[in-house]
Structure formats: structure tokens, C-alpha cells
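Participant: I have a structure here, written as C-alpha cells, and I will follow up with some questions on it.
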Amino acid sequence: MSEYTSTVVWQRGGQTFTDNQYSRAHTWRFDGGVSVPASSSPQVVPLPYSVAEHVDPEEAFVAALSSCHMLFFLAMAAKRDFVVDTYRDEAVGVMGTIAAGRMGVTQVTLHPRVLFSSDKKPTWAQLEKMHHLAHKQCFIANSVKTEVVIEICAL
């Protein structure tokens with residue numbers, strides 16, 4: 001069993017706080033030393049209390065699903081001797097109402113576009129199978145209720 005950690009740090013500074021007019025800017029820190037500026041989404045908490053340039057939890061969720069899928073896909077492609085030159089995914093998450101009127105990310109659609117080199121390239125059926133298996137093996141996708149759709153982009 002593995003364990004993963006992060007540290008989330010927010011500081012009030014001189015803001016009143018109880019008037020709900022405080023900055024949602026904060027920092028995510030990871031064990032490798034990387035710090036990521038984060039904030040609530042401006043779609044959830046309006047500017048200037050959010051920071052549009054920072055990563056918000058919803059974007060991070062979409063990126064985590066996309067990244068996990070890609071990593072499993074790349075491992076499968078390498079195992080099958082397909083040489084991947086570029087993998088690009090412009091993933092999209094949709095916020096909606098879930099059970100009991102609560103909000104949640106109801107769907108994430110991945111749009112993987114993979115460019116292969118060398119003479120050995122997968123057929124469309126092989127590509128679909130690798131994406132299907134990557135989705136089934138992705139730890140993040142296996143951990144959430146959100147529907148994850150994979151729309152493979154043309155080679």
C-alpha cells in the first residue's frame with residue numbers, strides 16, 4: 001500500500017474574514033518540493049476573492065484524471081513497442097448537480113491525441129483497446145464517481 005501527501009497552506013493576513021471578503025489564494029506543497037499556487041475557481045467564488053491565474057481544485061481534478069490515464073496509456077504503448085512522440089489531452093470537466101441537490105464534477109471528457117513514430121503504429125482498434133485499458137487501470141478514475149468519457153482524437 002502506498003501513501004501520498006500534500007500540504008495546503010492558506011493565511012488570512014490582515015483580512016477581516018467574517019465578512020466573507022477574503023482571498024481564497026493558497027498554496028499546494030508536494031513532497032518533491034514543488035509548490036503550486038491555488039485558489040477557488042472564479043466560477044465559484046468571484047474575483048477579486050479568487051485568483052484566475054492559480055490552479056483551482058476542479059481543474060486539478062480534471063488534470064489528475066487526464067494525467068493518470070496518460071501515464072497508463074504510455075506504459076501500455078511502450079510495452080507493445082509503439083513509440084509515442086507526443087501525447088496531448090485537452091480534457092474538459094463539467095460541474096453539475098448530483099444527488100440531493102449538491103454540486104459536483106459530473107463528467108470529465110478526455111480528448112487524447114497521440115502521435116506515434118516509426119513504422120509500427122497501432123490500428124484504431126488497438127488504440128481504442130489501450131485507452132480502454134488505461135481507463136480501467138487509472139487509480140484516479142477508479143477512485144471517483146464522476147463519469148469519465150474518452151473521445152480519442154484522430155491519429
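Labels used: A, B, ... for chains in the order of the C-alpha cells, numbers from 1 for residues in each chain, and numbers from 1 for ligands as shown.
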Per DSSP on the backbone, filter range 17-131 of chain A down to the residues in strand (DSSP E or B) and report them as a PyMOL selection string.
Facilitator: chain A and resi 26-30+35-38+55+83-89+92-97+103-110+112-117
Participant: Under the rule that only C-alpha atoms are counted, which of A:Met1, A:Val94, A:Ala154, A:Ile140 is the nearest residue to Leu71 in chain A?
Facilitator: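 Of all the options, A:Ile140 lies closest to Leu71 in chain A.
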Participant: So how far away is CA of Gly104 in chain A from CA of Leu47 in chain A, in Å?
Facilitator: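 So the two atoms, CA of Leu47 in chain A and CA of Gly104 in chain A, lie 21.1 Å apart.
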Participant: Find the spatial neighbours of range 55-61 of chain A, counting only C-alpha atoms, within a cut-off of 6 Å - ignore same-chain residues fewer than 6 positions away - and output them as a list in words.
Facilitator: Ala38, Ser39, Ser40 and Ser41 of chain A
Participant: Keeping all heavy atoms for every residue in the selection just given, could you write it to a file as an mmCIF file, in the first residue's frame?
Facilitator:
```
data_model
loop_
_atom_site.group_PDB
_atom_site.id
_atom_site.type_symbol
_atom_site.label_atom_id
_atom_site.label_comp_id
_atom_site.auth_asym_id
_atom_site.auth_seq_id
_atom_site.Cartn_x
_atom_site.Cartn_y
_atom_site.Cartn_z
ATOM 1 N N ALA A 38 -2.666 28.046 -5.766
ATOM 2 C CA ALA A 38 -4.023 27.551 -5.942
ATOM 3 C C ALA A 38 -5.029 28.586 -5.444
ATOM 4 O O ALA A 38 -4.679 29.525 -4.725
ATOM 5 C CB ALA A 38 -4.192 26.230 -5.183
ATOM 6 N N SER A 39 -6.274 28.396 -5.843
ATOM 7 C CA SER A 39 -7.348 29.294 -5.455
ATOM 8 C C SER A 39 -8.670 28.597 -5.724
ATOM 9 O O SER A 39 -8.715 27.569 -6.402
ATOM 10 C CB SER A 39 -7.270 30.583 -6.282
ATOM 11 O OG SER A 39 -8.371 31.430 -6.011
ATOM 12 N N SER A 40 -9.731 29.170 -5.218
ATOM 13 C CA SER A 40 -11.042 28.705 -5.651
ATOM 14 C C SER A 40 -11.221 29.129 -7.104
ATOM 15 O O SER A 40 -10.545 30.034 -7.592
ATOM 16 C CB SER A 40 -12.136 29.334 -4.785
ATOM 17 O OG SER A 40 -12.052 30.740 -4.855
ATOM 18 N N SER A 41 -12.126 28.474 -7.784
ATOM 19 C CA SER A 41 -12.432 28.838 -9.165
ATOM 20 C C SER A 41 -13.186 30.160 -9.184
ATOM 21 O O SER A 41 -14.110 30.355 -8.390
ATOM 22 C CB SER A 41 -13.291 27.752 -9.806
ATOM 23 O OG SER A 41 -13.815 28.201 -11.034
#
```
Participant: Just the number, please: distance in Å from CA of Arg24 in chain A to CA of Val8 in chain A, one decimal.
Facilitator: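 Interatomic distance, CA of Arg24 in chain A to CA of Val8 in chain A: 11.9 Å.
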Participant: What does the distance between CA of His54 in chain A and CA of Val108 in chain A come to in Å, to one decimal place?
Facilitator: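 Value for the CA of His54 in chain A-CA of Val108 in chain A distance: 20.2 Å.
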Participant: Would you mind telling me which residue in A:Asn20, A:Ser143, A:Ser50, A:Thr109 lies nearest to Val62 in chain A when using only C-alpha atoms?
Facilitator: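 For Val62 in chain A, the nearest of the given residues is A:Thr109.
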Participant: Nearest to Thr123 in chain A: which of A:Val92, A:Phe82, A:Lys145, A:Arg12 is it, counting only C-alpha atoms?
Facilitator: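 Checking each candidate against Thr123 in chain A, we get A:Phe82 as the closest.
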Participant: If you count only C-alpha atoms, which residues fall within 9 Å of Thr5 in chain A, apart from same-chain ones fewer than 2 positions away, as a PDB file with N, CA and C atoms, in the first residue's frame?
Facilitator:
```pdb
ATOM      1  N   GLU A   3       1.226   5.603   0.224  1.00  0.00           N
ATOM      2  CA  GLU A   3       0.622   6.774   0.850  1.00  0.00           C
ATOM      3  C   GLU A   3       1.123   8.015   0.128  1.00  0.00           C
ATOM      4  N   THR A   7       0.511  19.296   1.278  1.00  0.00           N
ATOM      5  CA  THR A   7       0.252  20.279   2.319  1.00  0.00           C
ATOM      6  C   THR A   7      -0.434  21.467   1.661  1.00  0.00           C
ATOM      7  N   ARG A  29       1.619  22.278  -1.547  1.00  0.00           N
ATOM      8  CA  ARG A  29       3.021  21.859  -1.495  1.00  0.00           C
ATOM      9  C   ARG A  29       3.079  20.337  -1.542  1.00  0.00           C
ATOM     10  N   PHE A  30       4.013  19.838  -2.348  1.00  0.00           N
ATOM     11  CA  PHE A  30       4.141  18.401  -2.533  1.00  0.00           C
ATOM     12  C   PHE A  30       5.499  17.918  -2.064  1.00  0.00           C
ATOM     13  N   ASP A  31       5.605  16.610  -1.811  1.00  0.00           N
ATOM     14  CA  ASP A  31       6.801  16.039  -1.187  1.00  0.00           C
ATOM     15  C   ASP A  31       8.078  16.228  -1.992  1.00  0.00           C
TER      16      ASP A  31
END
```
Participant: With distances taken over only C-alpha atoms, which of A:Asp19, A:Asp119, A:Glu147, A:Glu53 is nearest to Val105 in chain A?
Facilitator: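 Residue with the minimum atom-to-atom distance to Val105 in chain A: A:Glu147.
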Participant: Rank nothing, just name the residue among A:Leu110, A:Ala52, A:Phe72, A:Lys129 nearest to Val148 in chain A, using only C-alpha atoms.
Facilitator: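 Smallest separation from Val148 in chain A among the options: A:Leu110.
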Participant: Hey, what does DSSP flag as alpha helix (DSSP H) within range 10-64 of chain A? Can you give it to me as a list in words?
Facilitator: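 Taking range 10-64 of chain A and keeping alpha helix (DSSP H) gives Pro57, Glu58, Glu59, Ala60, Phe61, Val62, Ala63 and Ala64 of chain A.
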Participant: For the selection you just gave me, I'd like the residues written to a file as a PDB file, in the first residue's frame, keeping C-alpha atoms.
Facilitator:
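Contents of the output file selection.pdb:
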```
ATOM      1  CA  PRO A  57      -9.410  22.154  -7.256  1.00  0.00           C
ATOM      2  CA  GLU A  58     -11.758  21.406 -10.142  1.00  0.00           C
ATOM      3  CA  GLU A  59      -9.021  21.983 -12.735  1.00  0.00           C
ATOM      4  CA  ALA A  60      -6.642  19.861 -10.666  1.00  0.00           C
ATOM      5  CA  PHE A  61      -9.215  17.061 -10.546  1.00  0.00           C
ATOM      6  CA  VAL A  62      -9.565  17.094 -14.345  1.00  0.00           C
ATOM      7  CA  ALA A  63      -5.773  17.232 -14.757  1.00  0.00           C
ATOM      8  CA  ALA A  64      -5.284  14.333 -12.314  1.00  0.00           C
TER       9      ALA A  64
END
```
